[in-house]
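Have a look at work_39.cif below; it lists mmCIF, C-alpha atoms.
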```
data_input
loop_
_atom_site.label_atom_id
_atom_site.label_comp_id
_atom_site.auth_asym_id
_atom_site.auth_seq_id
_atom_site.Cartn_x
_atom_site.Cartn_y
_atom_site.Cartn_z
CA MET A 140 -22.88 -3.48 -13.30
CA MET A 141 -21.20 -6.89 -13.50
CA HIS A 142 -21.27 -9.43 -10.69
CA LEU A 143 -17.94 -11.08 -9.82
CA GLY A 144 -19.15 -13.53 -7.21
CA LYS A 145 -17.89 -13.84 -3.65
CA ARG A 146 -14.14 -14.06 -4.22
CA PHE A 147 -11.91 -11.85 -2.06
CA TRP A 148 -10.53 -9.02 -4.20
CA SER A 149 -8.02 -6.41 -3.11
CA LEU A 150 -5.94 -3.38 -3.89
CA ALA A 151 -3.79 -3.25 -0.76
CA LEU A 152 -4.66 -4.68 2.63
CA ALA A 153 -2.44 -5.13 5.67
CA GLY A 154 -4.71 -7.83 7.05
CA LEU A 155 -3.99 -7.20 10.76
CA ALA A 156 -6.32 -4.46 11.99
CA THR A 157 -9.86 -5.33 12.99
CA ALA A 158 -12.93 -3.51 11.75
CA SER A 159 -13.90 -2.55 15.31
CA LEU A 160 -10.65 -0.66 15.95
CA VAL A 161 -11.00 3.12 15.55
CA PRO A 162 -8.23 5.73 15.71
CA PRO A 163 -7.92 7.81 18.86
CA CYS A 164 -8.66 11.06 17.04
CA LEU A 165 -11.38 10.03 14.59
CA GLY A 166 -13.94 12.82 14.31
CA GLN A 167 -11.66 15.57 15.61
CA THR A 168 -10.56 18.58 13.58
CA VAL A 169 -8.31 17.61 10.65
CA HIS A 170 -4.72 18.78 10.90
CA ALA A 171 -2.85 19.50 7.64
CA ALA A 172 0.34 21.19 6.50
CA PRO A 173 0.27 25.03 6.51
CA GLY A 174 -1.48 26.45 3.45
CA ALA A 175 -3.30 23.21 2.62
CA ARG A 176 -7.07 22.80 2.40
CA VAL A 177 -8.67 19.48 3.25
CA ALA A 178 -12.12 18.37 2.16
CA VAL A 179 -14.00 15.09 1.69
CA PHE A 180 -13.68 14.19 -2.00
CA ALA A 181 -16.04 11.21 -1.77
CA ARG A 182 -17.52 8.74 0.67
CA VAL A 183 -16.59 5.11 0.12
CA PRO A 184 -17.28 2.46 2.78
CA ALA A 185 -14.06 0.95 4.22
CA ALA A 186 -11.95 2.71 1.56
CA ARG A 187 -8.50 1.19 1.04
CA ALA A 188 -6.11 1.38 -1.92
CA MET A 189 -6.68 3.60 -4.95
CA ALA A 190 -5.79 3.76 -8.64
CA ILE A 191 -6.39 6.48 -11.21
CA CYS A 192 -7.47 5.10 -14.59
CA GLY A 193 -9.06 7.06 -17.40
CA ASP A 194 -11.33 9.77 -16.05
CA ALA A 195 -11.93 8.17 -12.66
CA LEU A 196 -10.38 7.33 -9.31
CA TYR A 197 -11.03 3.68 -8.44
CA VAL A 198 -11.10 2.70 -4.77
CA GLY A 199 -10.79 -0.81 -3.37
CA THR A 200 -12.38 -1.62 -0.01
CA LYS A 201 -12.24 -4.07 2.86
CA GLY A 202 -15.61 -5.32 1.63
CA ASN A 203 -16.45 -7.04 -1.64
CA ALA A 204 -16.56 -3.90 -3.79
CA VAL A 205 -14.62 -1.44 -5.95
CA TYR A 206 -15.97 2.08 -6.38
CA GLY A 207 -15.31 4.53 -9.20
CA ILE A 208 -15.32 8.30 -8.62
CA PRO A 209 -15.23 10.72 -11.60
CA LEU A 210 -12.15 12.95 -11.35
CA ALA A 211 -14.37 15.90 -12.16
CA GLY A 212 -16.37 15.15 -9.02
CA GLY A 213 -19.54 13.28 -8.27
CA PRO A 214 -20.78 10.37 -6.18
CA ALA A 215 -18.92 7.07 -6.01
CA VAL A 216 -20.45 4.26 -8.04
CA ARG A 217 -19.93 0.57 -7.42
CA ALA A 218 -17.88 -0.74 -10.34
CA ALA A 219 -16.63 -4.25 -9.47
CA SER A 220 -15.28 -6.30 -6.58
CA ARG A 221 -12.07 -4.70 -5.31
CA LEU A 222 -9.08 -3.53 -7.43
CA VAL A 223 -5.48 -2.60 -8.12
CA ALA A 224 -3.52 -0.87 -10.94
CA CYS A 225 -3.92 0.96 -14.24
CA LEU A 226 -1.69 0.07 -17.19
CA GLY A 227 -2.43 1.69 -20.53
CA ASN A 228 -6.18 1.63 -21.01
CA ARG A 229 -6.78 -1.38 -18.76
CA LEU A 230 -7.50 -1.63 -15.05
CA TYR A 231 -5.94 -4.66 -13.33
CA VAL A 232 -7.72 -6.21 -10.35
CA ALA A 233 -6.07 -8.71 -7.99
CA SER A 234 -7.61 -11.30 -5.71
CA ARG A 235 -5.69 -13.59 -3.39
CA ASP A 236 -4.85 -16.02 -6.16
CA ARG A 237 -5.62 -14.41 -9.51
CA ILE A 238 -5.52 -11.21 -11.57
CA SER A 239 -8.23 -9.88 -13.88
CA THR A 240 -8.35 -6.93 -16.26
CA PHE A 241 -11.17 -4.51 -17.11
CA THR A 242 -11.85 -1.64 -19.47
CA PRO A 243 -12.73 1.59 -17.64
CA VAL A 244 -16.08 3.06 -18.70
CA PRO A 245 -16.81 6.82 -18.39
CA GLY A 246 -18.33 7.69 -15.04
CA GLY A 247 -16.25 5.26 -13.02
CA ARG A 248 -17.65 1.91 -14.16
CA LEU A 249 -15.84 -1.13 -15.61
CA ALA A 250 -16.45 -3.61 -18.45
CA ASN A 251 -14.87 -6.45 -20.46
CA ARG A 252 -13.39 -8.61 -17.71
CA ALA A 253 -10.60 -11.04 -18.66
CA ASP A 254 -8.52 -13.23 -16.32
CA LEU A 255 -4.73 -13.51 -16.68
CA PRO A 256 -3.20 -17.02 -16.90
CA ILE A 257 -1.49 -16.90 -13.49
CA ARG A 258 -2.21 -18.21 -10.00
CA LEU A 259 -0.87 -16.54 -6.84
CA PRO A 260 -0.51 -18.14 -3.37
CA ASN A 261 -4.00 -18.43 -1.88
CA GLN A 262 -3.47 -17.59 1.80
CA ALA A 263 -5.57 -15.81 4.41
CA HIS A 264 -2.91 -14.09 6.54
CA HIS A 265 -1.41 -11.18 4.56
CA GLY A 266 -3.22 -12.73 1.63
CA LEU A 267 -4.66 -9.60 0.02
CA ARG A 268 -2.69 -8.08 -2.82
CA TYR A 269 -1.20 -4.70 -3.67
CA MET A 270 -0.30 -4.04 -7.29
CA GLN A 271 1.03 -1.16 -9.39
CA ALA A 272 2.08 -0.58 -12.98
CA GLY A 273 5.77 0.22 -13.37
CA PRO A 274 7.45 2.72 -15.71
CA ASP A 275 8.62 -0.32 -17.68
CA SER A 276 4.96 -1.17 -18.50
CA ARG A 277 5.02 -4.25 -16.28
CA LEU A 278 2.86 -5.15 -13.29
CA TYR A 279 4.44 -5.28 -9.82
CA ILE A 280 2.66 -7.29 -7.12
CA SER A 281 3.49 -7.78 -3.44
CA ILE A 282 2.78 -11.18 -1.86
CA GLY A 283 2.82 -11.14 1.95
CA SER A 284 4.27 -13.74 4.29
CA PRO A 285 1.52 -16.01 5.71
CA CYS A 286 2.25 -15.29 9.38
CA ASN A 287 3.55 -12.88 11.99
CA ILE A 288 7.03 -14.48 12.13
CA CYS A 289 7.69 -17.68 10.16
CA GLN A 290 9.63 -19.04 7.19
CA PRO A 291 7.87 -18.12 3.90
CA GLU A 292 7.71 -20.64 1.07
CA GLY A 293 7.66 -20.24 -2.69
CA LEU A 294 6.41 -16.81 -3.73
CA GLN A 295 5.36 -15.86 -0.19
CA GLY A 296 7.12 -12.77 1.14
CA THR A 297 8.11 -11.41 -2.27
CA ILE A 298 7.53 -8.67 -4.81
CA ILE A 299 7.06 -10.12 -8.28
CA SER A 300 6.81 -8.59 -11.74
CA LEU A 301 4.68 -9.73 -14.70
CA SER A 302 4.16 -8.71 -18.29
CA PRO A 303 0.72 -7.14 -19.00
CA ASN A 304 -0.55 -10.48 -20.37
CA GLY A 305 0.43 -12.31 -17.15
CA GLY A 306 3.59 -13.99 -18.46
CA ASP A 307 7.33 -13.64 -17.78
CA LEU A 308 7.07 -13.81 -13.97
CA ARG A 309 10.17 -12.45 -12.20
CA ARG A 310 10.95 -12.46 -8.47
CA MET A 311 12.15 -8.91 -7.89
CA ALA A 312 12.65 -9.04 -4.10
CA TRP A 313 12.28 -11.59 -1.27
CA GLY A 314 12.56 -11.74 2.51
CA ILE A 315 9.64 -9.31 2.90
CA ARG A 316 7.06 -9.60 5.68
CA ASN A 317 4.16 -7.60 4.21
CA SER A 318 4.62 -4.75 1.74
CA VAL A 319 1.46 -2.75 1.16
CA GLY A 320 2.78 0.34 -0.62
CA PHE A 321 5.35 0.98 -3.33
CA ASP A 322 6.18 3.68 -5.85
CA TRP A 323 8.97 4.79 -8.16
CA ASN A 324 11.24 7.80 -7.73
CA GLY A 325 13.90 8.60 -10.31
CA GLY A 326 13.50 5.14 -11.84
CA THR A 327 14.01 3.38 -8.47
CA LEU A 328 11.25 1.39 -6.76
CA TYR A 329 10.75 1.99 -3.04
CA PHE A 330 8.43 -0.08 -0.86
CA THR A 331 7.14 -0.09 2.71
CA ASP A 332 7.21 -3.19 4.90
CA ASN A 333 5.28 -3.77 8.14
CA GLY A 334 7.29 -4.92 11.16
CA ALA A 335 6.42 -7.97 13.25
CA ASP A 336 4.01 -7.89 16.20
CA GLY A 337 4.38 -9.19 19.73
CA MET A 338 7.98 -8.07 20.35
CA GLY A 339 7.20 -5.05 22.49
CA ASP A 340 6.09 -1.46 21.98
CA ASN A 341 9.27 -0.23 20.31
CA THR A 342 10.61 -3.06 18.20
CA PRO A 343 10.99 -3.96 15.39
CA PRO A 344 10.69 -0.86 13.17
CA ASP A 345 8.50 -0.48 10.12
CA GLU A 346 10.59 -0.10 6.98
CA LEU A 347 11.10 1.83 3.76
CA ASN A 348 13.21 -0.17 1.32
CA GLU A 349 14.88 0.49 -2.01
CA LEU A 350 14.42 -2.32 -4.50
CA GLN A 351 17.57 -3.93 -5.83
CA SER A 352 16.53 -6.60 -8.28
CA GLY A 353 16.62 -10.06 -6.71
CA ALA A 354 17.77 -8.80 -3.29
CA PHE A 355 16.95 -10.39 0.09
CA TYR A 356 15.42 -8.03 2.69
CA GLY A 357 15.84 -10.08 5.84
CA PHE A 358 12.49 -11.55 6.92
CA PRO A 359 12.09 -13.64 9.06
CA TYR A 360 15.63 -13.23 10.37
CA PHE A 361 15.51 -9.43 10.64
CA GLY A 362 12.98 -6.66 11.16
CA GLY A 363 14.92 -3.57 10.22
CA ARG A 364 18.28 -4.44 11.75
CA VAL A 365 16.69 -6.26 14.72
CA ARG A 366 16.79 -10.05 15.01
CA LEU A 367 13.27 -11.49 15.11
CA ARG A 368 11.98 -13.84 17.77
CA GLY A 369 12.69 -17.49 17.04
CA PHE A 370 15.34 -16.70 14.42
CA GLU A 371 17.92 -14.98 16.63
CA ALA A 372 20.60 -17.61 15.98
CA ALA A 373 19.48 -18.78 12.54
CA VAL A 374 21.78 -18.19 9.56
CA PRO A 375 20.07 -16.12 6.82
CA PRO A 376 20.12 -17.63 3.31
CA ALA A 377 21.64 -14.46 1.82
CA PRO A 378 23.07 -11.11 2.97
CA GLN A 379 20.33 -8.72 4.07
CA THR A 380 19.68 -5.54 2.12
CA PRO A 381 18.86 -3.18 5.03
CA PRO A 382 16.10 -0.54 4.95
CA VAL A 383 16.90 2.92 3.68
CA TYR A 384 14.67 4.31 6.46
CA GLU A 385 13.29 2.87 9.71
CA PHE A 386 9.96 4.17 11.07
CA GLN A 387 8.70 3.92 14.63
CA ALA A 388 7.53 0.41 15.46
CA HIS A 389 3.83 -0.35 14.86
CA VAL A 390 2.89 2.85 12.98
CA ALA A 391 1.79 0.44 10.18
CA THR A 392 3.23 2.09 7.09
CA LEU A 393 0.95 1.29 4.16
CA GLY A 394 0.49 3.46 1.05
CA LEU A 395 3.50 5.25 -0.47
CA HIS A 396 3.55 7.99 -3.11
CA PHE A 397 6.34 10.25 -4.38
CA TYR A 398 4.87 13.65 -5.16
CA ARG A 399 5.40 14.88 -8.74
CA GLY A 400 2.92 17.75 -9.19
CA ALA A 401 2.98 21.54 -9.17
CA MET A 402 0.30 22.34 -6.58
CA PHE A 403 2.72 21.64 -3.70
CA PRO A 404 6.20 22.44 -5.12
CA GLU A 405 7.75 22.04 -1.66
CA LEU A 406 6.72 18.36 -1.75
CA ARG A 407 8.16 17.51 -5.15
CA GLY A 408 10.32 14.41 -4.91
CA GLU A 409 9.28 13.67 -1.34
CA ALA A 410 7.63 10.46 -0.20
CA LEU A 411 4.16 10.67 1.32
CA VAL A 412 3.58 7.64 3.56
CA ALA A 413 0.24 6.61 5.07
CA GLU A 414 0.61 5.38 8.65
CA HIS A 415 -2.49 3.30 9.30
CA GLY A 416 -1.83 3.24 13.04
CA SER A 417 -0.98 0.69 15.71
CA TRP A 418 -3.36 -1.99 16.96
CA ASP A 419 -1.17 -3.83 19.51
CA ARG A 420 0.78 -1.05 21.24
CA SER A 421 0.11 0.21 24.78
CA THR A 422 0.16 3.84 23.54
CA PRO A 423 -1.23 4.16 19.98
CA VAL A 424 1.00 5.65 17.29
CA GLY A 425 0.55 6.46 13.60
CA TYR A 426 -2.89 7.50 12.23
CA GLN A 427 -1.35 10.13 9.93
CA VAL A 428 0.35 10.81 6.61
CA VAL A 429 3.99 11.85 6.87
CA ARG A 430 6.39 13.38 4.36
CA LEU A 431 9.94 12.17 3.96
CA ARG A 432 12.85 13.04 1.68
CA VAL A 433 14.74 9.82 1.14
CA GLY A 434 18.43 10.08 1.92
CA ARG A 435 18.18 12.79 4.58
CA GLY A 436 18.01 10.38 7.49
CA ARG A 437 18.00 6.73 8.45
CA SER A 438 15.28 6.61 11.10
CA GLY A 439 12.46 8.54 12.74
CA ASN A 440 8.91 9.18 11.67
CA GLY A 441 9.14 11.79 8.96
CA GLN A 442 7.33 15.13 9.15
CA ARG A 443 3.59 15.16 9.75
CA PHE A 444 1.64 16.19 6.65
CA LEU A 445 -1.94 15.18 7.46
CA SER A 446 -3.56 13.77 10.58
CA ARG A 447 -6.92 13.28 12.28
CA VAL A 448 -8.39 11.74 9.13
CA GLY A 449 -9.18 8.34 10.61
CA ARG A 450 -6.91 5.48 9.55
CA PRO A 451 -5.06 6.45 6.36
CA VAL A 452 -4.40 3.60 3.92
CA ASP A 453 -3.32 4.91 0.53
CA VAL A 454 -2.04 8.15 -1.00
CA LYS A 455 -2.45 9.14 -4.64
CA GLU A 456 -2.01 12.31 -6.71
CA LEU A 457 -4.75 13.61 -9.01
CA PRO A 458 -3.87 15.16 -12.40
CA ASP A 459 -4.22 18.70 -10.99
CA GLY A 460 -1.59 17.97 -8.31
CA SER A 461 -4.00 17.65 -5.41
CA ILE A 462 -3.54 14.68 -3.09
CA VAL A 463 -6.15 12.08 -2.14
CA VAL A 464 -5.94 9.89 0.95
CA SER A 465 -8.21 6.94 1.70
CA ASP A 466 -9.53 6.27 5.23
CA ASP A 467 -10.95 2.82 5.88
CA ALA A 468 -12.20 3.67 9.38
CA GLY A 469 -14.31 6.65 8.35
CA GLY A 470 -15.18 5.49 4.83
CA ARG A 471 -13.88 8.64 3.19
CA ILE A 472 -11.53 9.84 0.49
CA TRP A 473 -9.89 13.06 1.64
CA ARG A 474 -8.58 15.59 -0.90
CA VAL A 475 -5.74 17.95 0.02
CA SER A 476 -5.41 21.02 -2.21
CA ARG A 477 -4.61 24.73 -2.28
#
```
Please re-express this file's structure in structure tokens.
Amino acid sequence: MMHLGKRFWSLALAGLATASLVPPCLGQTVHAAPGARVAVFARVPAARAMAICGDALYVGTKGNAVYGIPLAGGPAVRAASRLVACLGNRLYVASRDRISTFTPVPGGRLANRADLPIRLPNQAHHGLRYMQAGPDSRLYISIGSPCNICQPEGLQGTIISLSPNGGDLRRMAWGIRNSVGFDWNGGTLYFTDNGADGMGDNTPPDELNELQSGAFYGFPYFGGRVRLRGFEAAVPPAPQTPPVYEFQAHVATLGLHFYRGAMFPELRGEALVAEHGSWDRSTPVGYQVVRLRVGRGRSGNGQRFLSRVGRPVDVKELPDGSIVVSDDAGGRIWRVSR
């Protein structure tokens, strides 16, 4: 096993919740959609975002580790220090300010590290990265805004795209507070965005957005369609592209996955969204995975698909069509199957 030092590596981290916070229903009986079976697929401490690459599921954590789990089953093995996306036969790992690539090794391990020639903003607040490979064989990376409500600078508050060798950087979207989950559906990229804190229990909403290349999504002037504190009278630099769906405030929408498999045909084409759960609301909300068919509504909270599994972070689909959900509070990867 290689040693990568003490840098902070990440798949997808919201950066707001504290390690001591636990969901209100942790340890209670799991609730899932009718006909679904739920079991613990693996135990991974502080499990966060996930990527399938080769014959393994790789799991990033809140700690300084990435774990690999064979898709055929077996214990998690420590493979590197956090992680991100699979493109071709390479696994891409992002830290706050850099991106590295690895070759997956059978059994869930990694080898042959190489760093890409790019530097990302090195910031603590919303400074951990989420990255995915697009259908165009490019890398897409979200870069959070360095604050609760403030004016981002440079690449802060954006989604960028890179070629696999780290070149040809493009700013795909801006005016984003903190996007932790994104996925493609019908060739269109959708992404979640966390709303601001400290403006009350019910405002502003969390968001689901549709990417329009180069578009401005409103932060820090808007959260959803709500004016944010301190920017009520400020003139935005460009017209806002509003969300396609507004979630309840503070549910903390993180991972996003559009279901494509055959195991749950009723889910095909629907978005599965991990709601990590509130940390600053008088009555907690979230702590579940919801299903949503984009275009059938503008606001709400979707339909509950899975709950009482701790604090869900990411949602992925295994090759057999089963669904895996990471829980950073309980240190588990849950598998939903039939």
As an mmCIF file with C-alpha atoms, in the coordinates of the input, please: the residues near A:Lys201 (cut-off 7 Å, only C-alpha atoms, same-chain neighbours under 6 positions excluded).
```cif
data_model
loop_
_atom_site.group_PDB
_atom_site.id
_atom_site.type_symbol
_atom_site.label_atom_id
_atom_site.label_comp_id
_atom_site.auth_asym_id
_atom_site.auth_seq_id
_atom_site.Cartn_x
_atom_site.Cartn_y
_atom_site.Cartn_z
ATOM 1 C CA ALA A 185 -14.060 0.950 4.220
ATOM 2 C CA ALA A 186 -11.950 2.710 1.560
ATOM 3 C CA ARG A 187 -8.500 1.190 1.040
#
```
Ground truth for the PyMOL selection byres ((chain A and resi 216) around 12), written as a PyMOL selection string:
chain A and resi 140+181-184+195-199+204-209+212-215+217-220+244-249
Residues of the last selection are to be written out with C-alpha atoms, as a compact mmCIF listing (two decimals), keeping the file's coordinate frame.
```
# COMPACT_ATOMS: atom_id res chain seq x y z
CA MET A 140 -22.88 -3.48 -13.30
CA ALA A 181 -16.04 11.21 -1.77
CA ARG A 182 -17.52 8.74 0.67
CA VAL A 183 -16.59 5.11 0.12
CA PRO A 184 -17.28 2.46 2.78
CA ALA A 195 -11.93 8.17 -12.66
CA LEU A 196 -10.38 7.33 -9.31
CA TYR A 197 -11.03 3.68 -8.44
CA VAL A 198 -11.10 2.70 -4.77
CA GLY A 199 -10.79 -0.81 -3.37
CA ALA A 204 -16.56 -3.90 -3.79
CA VAL A 205 -14.62 -1.44 -5.95
CA TYR A 206 -15.97 2.08 -6.38
CA GLY A 207 -15.31 4.53 -9.20
CA ILE A 208 -15.32 8.30 -8.62
CA PRO A 209 -15.23 10.72 -11.60
CA GLY A 212 -16.37 15.15 -9.02
CA GLY A 213 -19.54 13.28 -8.27
CA PRO A 214 -20.78 10.37 -6.18
CA ALA A 215 -18.92 7.07 -6.01
CA ARG A 217 -19.93 0.57 -7.42
CA ALA A 218 -17.88 -0.74 -10.34
CA ALA A 219 -16.63 -4.25 -9.47
CA SER A 220 -15.28 -6.30 -6.58
CA VAL A 244 -16.08 3.06 -18.70
CA PRO A 245 -16.81 6.82 -18.39
CA GLY A 246 -18.33 7.69 -15.04
CA GLY A 247 -16.25 5.26 -13.02
CA ARG A 248 -17.65 1.91 -14.16
CA LEU A 249 -15.84 -1.13 -15.61
```
Residue contacts of stretch 420-424 of chain A (6 Å, only C-alpha atoms) excluding same-chain residues fewer than 3 positions away, as a count of residues only
4
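This file gives the following result for the PyMOL selection byres ((chain A and resi 373) around 12): Gln290, Gly357, Phe358, Pro359, Tyr360, Phe361, Arg366, Leu367, Arg368, Gly369, Phe370, Glu371, Ala372, Val374, Pro375, Pro376 and Ala377 of chain A.
Distance annotation: of A:Gly469, A:Gly306, A:Gly227, A:Gly320, the residue with the minimal separation from A:Ser281 is A:Gly320; atom set is all atoms listed in the file.
Near A:Pro381, within 10 Å and counting all atoms listed in the file, sit Glu346, Leu347, Asn348, Glu349, Phe355, Tyr356, Gly357, Phe361, Gly362, Gly363, Arg364, Pro378, Gln379, Val383, Tyr384 and Glu385 of chain A, not including residues fewer than 2 positions from it in the same chain.
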Could the residues in this selection be saved with C-alpha atoms as a PDB file, in the frame of the given file?
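This went into again_34.pdb:
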```pdb
ATOM      1  CA  GLU A 346      10.590  -0.100   6.980  1.00  0.00           C
ATOM      2  CA  LEU A 347      11.100   1.830   3.760  1.00  0.00           C
ATOM      3  CA  ASN A 348      13.210  -0.170   1.320  1.00  0.00           C
ATOM      4  CA  GLU A 349      14.880   0.490  -2.010  1.00  0.00           C
ATOM      5  CA  PHE A 355      16.950 -10.390   0.090  1.00  0.00           C
ATOM      6  CA  TYR A 356      15.420  -8.030   2.690  1.00  0.00           C
ATOM      7  CA  GLY A 357      15.840 -10.080   5.840  1.00  0.00           C
ATOM      8  CA  PHE A 361      15.510  -9.430  10.640  1.00  0.00           C
ATOM      9  CA  GLY A 362      12.980  -6.660  11.160  1.00  0.00           C
ATOM     10  CA  GLY A 363      14.920  -3.570  10.220  1.00  0.00           C
ATOM     11  CA  ARG A 364      18.280  -4.440  11.750  1.00  0.00           C
ATOM     12  CA  PRO A 378      23.070 -11.110   2.970  1.00  0.00           C
ATOM     13  CA  GLN A 379      20.330  -8.720   4.070  1.00  0.00           C
ATOM     14  CA  VAL A 383      16.900   2.920   3.680  1.00  0.00           C
ATOM     15  CA  TYR A 384      14.670   4.310   6.460  1.00  0.00           C
ATOM     16  CA  GLU A 385      13.290   2.870   9.710  1.00  0.00           C
TER      17      GLU A 385
END
```
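Interatomic distance, atom CA of A:Asn287 to atom CA of A:Leu259: 19.7 Å.
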Closest contacts (stretch 388-421 of chain A/stretch 443-455 of chain A, max 7 Å, only C-alpha atoms) as JSON lines:
```
{"residue": "A:Leu393", "atom": "CA", "partner": "A:Val452", "partner_atom": "CA", "distance": 5.8}
{"residue": "A:Gly394", "atom": "CA", "partner": "A:Asp453", "partner_atom": "CA", "distance": 4.1}
{"residue": "A:Leu395", "atom": "CA", "partner": "A:Val454", "partner_atom": "CA", "distance": 6.3}
{"residue": "A:His396", "atom": "CA", "partner": "A:Val454", "partner_atom": "CA", "distance": 6.0}
{"residue": "A:Ala413", "atom": "CA", "partner": "A:Pro451", "partner_atom": "CA", "distance": 5.5}
{"residue": "A:Glu414", "atom": "CA", "partner": "A:Pro451", "partner_atom": "CA", "distance": 6.2}
{"residue": "A:His415", "atom": "CA", "partner": "A:Arg450", "partner_atom": "CA", "distance": 4.9}
{"residue": "A:Gly416", "atom": "CA", "partner": "A:Arg450", "partner_atom": "CA", "distance": 6.6}
```
Only C-alpha atoms, please: the residues just picked out, written as a PDB file, in the frame of the given file.
```pdb
ATOM      1  CA  LEU A 393       0.950   1.290   4.160  1.00  0.00           C
ATOM      2  CA  GLY A 394       0.490   3.460   1.050  1.00  0.00           C
ATOM      3  CA  LEU A 395       3.500   5.250  -0.470  1.00  0.00           C
ATOM      4  CA  HIS A 396       3.550   7.990  -3.110  1.00  0.00           C
ATOM      5  CA  ALA A 413       0.240   6.610   5.070  1.00  0.00           C
ATOM      6  CA  GLU A 414       0.610   5.380   8.650  1.00  0.00           C
ATOM      7  CA  HIS A 415      -2.490   3.300   9.300  1.00  0.00           C
ATOM      8  CA  GLY A 416      -1.830   3.240  13.040  1.00  0.00           C
TER       9      GLY A 416
END
```
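Comparing the minimum interatomic distances between A:Cys192 and each of A:Ala410, A:Cys225, A:Val463, A:Val169, counting only C-alpha atoms, we find that A:Cys225 sits nearest.
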Hey, what comes out of the PyMOL selection byres ((chain A and resi 241) around 8) on this file? Could you write it as number ranges by chain?
A: 229-232, 239-240, 242-243, 249-253
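Across the structure, atom CA of A:Asp459 and atom CA of A:Ala224 are spaced 19.6 Å apart.
Picture a line from atom CA of A:Tyr426 to atom CA of A:Ala175; it runs 18.4 Å.
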Find the residues around A:Leu431 up to 7 Å (only C-alpha atoms counted), leave out those fewer than 3 positions away in its own chain, and share them as a PyMOL selection string.
chain A and resi 409-411+441-442
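Distance annotation: of A:Thr342, A:Thr331, A:Asn228, A:Ser284, the residue with the minimal separation from A:Gly314 is A:Ser284; atom set is only C-alpha atoms.
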Closest of A:Pro303, A:Gly174, A:Pro285, A:Pro256 to A:Leu226 - atom-to-atom distances counting all atoms listed in the file
A:Pro303
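Minimum distance to A:Ser318 across A:Cys289, A:Met270, A:Val428, A:Ala263 (counting all atoms listed in the file) occurs at A:Met270.
Candidate residues A:Arg237, A:Ile280, A:Ala190, A:Gly439 were compared for distance to A:Val464, and the nearest is A:Ala190, using only C-alpha atoms.
Here the residues that fall within 10 Å of (17.1, -6.2, -7.2), using all atoms listed in the file, are given as Arg310, Met311, Ala312, Trp313, Leu328, Glu349, Leu350, Gln351, Ser352, Gly353, Ala354, Phe355 and Thr380 of chain A.
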Prev. selection, C-alpha atoms, output as a PDB file, in the coordinates of the input:
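So part.pdb came out as:
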```
ATOM      1  CA  ARG A 310      10.950 -12.460  -8.470  1.00  0.00           C
ATOM      2  CA  MET A 311      12.150  -8.910  -7.890  1.00  0.00           C
ATOM      3  CA  ALA A 312      12.650  -9.040  -4.100  1.00  0.00           C
ATOM      4  CA  TRP A 313      12.280 -11.590  -1.270  1.00  0.00           C
ATOM      5  CA  LEU A 328      11.250   1.390  -6.760  1.00  0.00           C
ATOM      6  CA  GLU A 349      14.880   0.490  -2.010  1.00  0.00           C
ATOM      7  CA  LEU A 350      14.420  -2.320  -4.500  1.00  0.00           C
ATOM      8  CA  GLN A 351      17.570  -3.930  -5.830  1.00  0.00           C
ATOM      9  CA  SER A 352      16.530  -6.600  -8.280  1.00  0.00           C
ATOM     10  CA  GLY A 353      16.620 -10.060  -6.710  1.00  0.00           C
ATOM     11  CA  ALA A 354      17.770  -8.800  -3.290  1.00  0.00           C
ATOM     12  CA  PHE A 355      16.950 -10.390   0.090  1.00  0.00           C
ATOM     13  CA  THR A 380      19.680  -5.540   2.120  1.00  0.00           C
TER      14      THR A 380
END
```
List the neighbours of A:Asn440 out to 8 Å using only C-alpha atoms; skip same-chain residues closer than 5 positions along the sequence, and give me the result as a ChimeraX atom specification.
/A:385-387,429
Residues from last step as file, C-alpha atoms, as a PDB file, in the coordinates of the input:
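Result saved to out33.pdb:
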```pdb
ATOM      1  CA  GLU A 385      13.290   2.870   9.710  1.00  0.00           C
ATOM      2  CA  PHE A 386       9.960   4.170  11.070  1.00  0.00           C
ATOM      3  CA  GLN A 387       8.700   3.920  14.630  1.00  0.00           C
ATOM      4  CA  VAL A 429       3.990  11.850   6.870  1.00  0.00           C
TER       5      VAL A 429
END
```
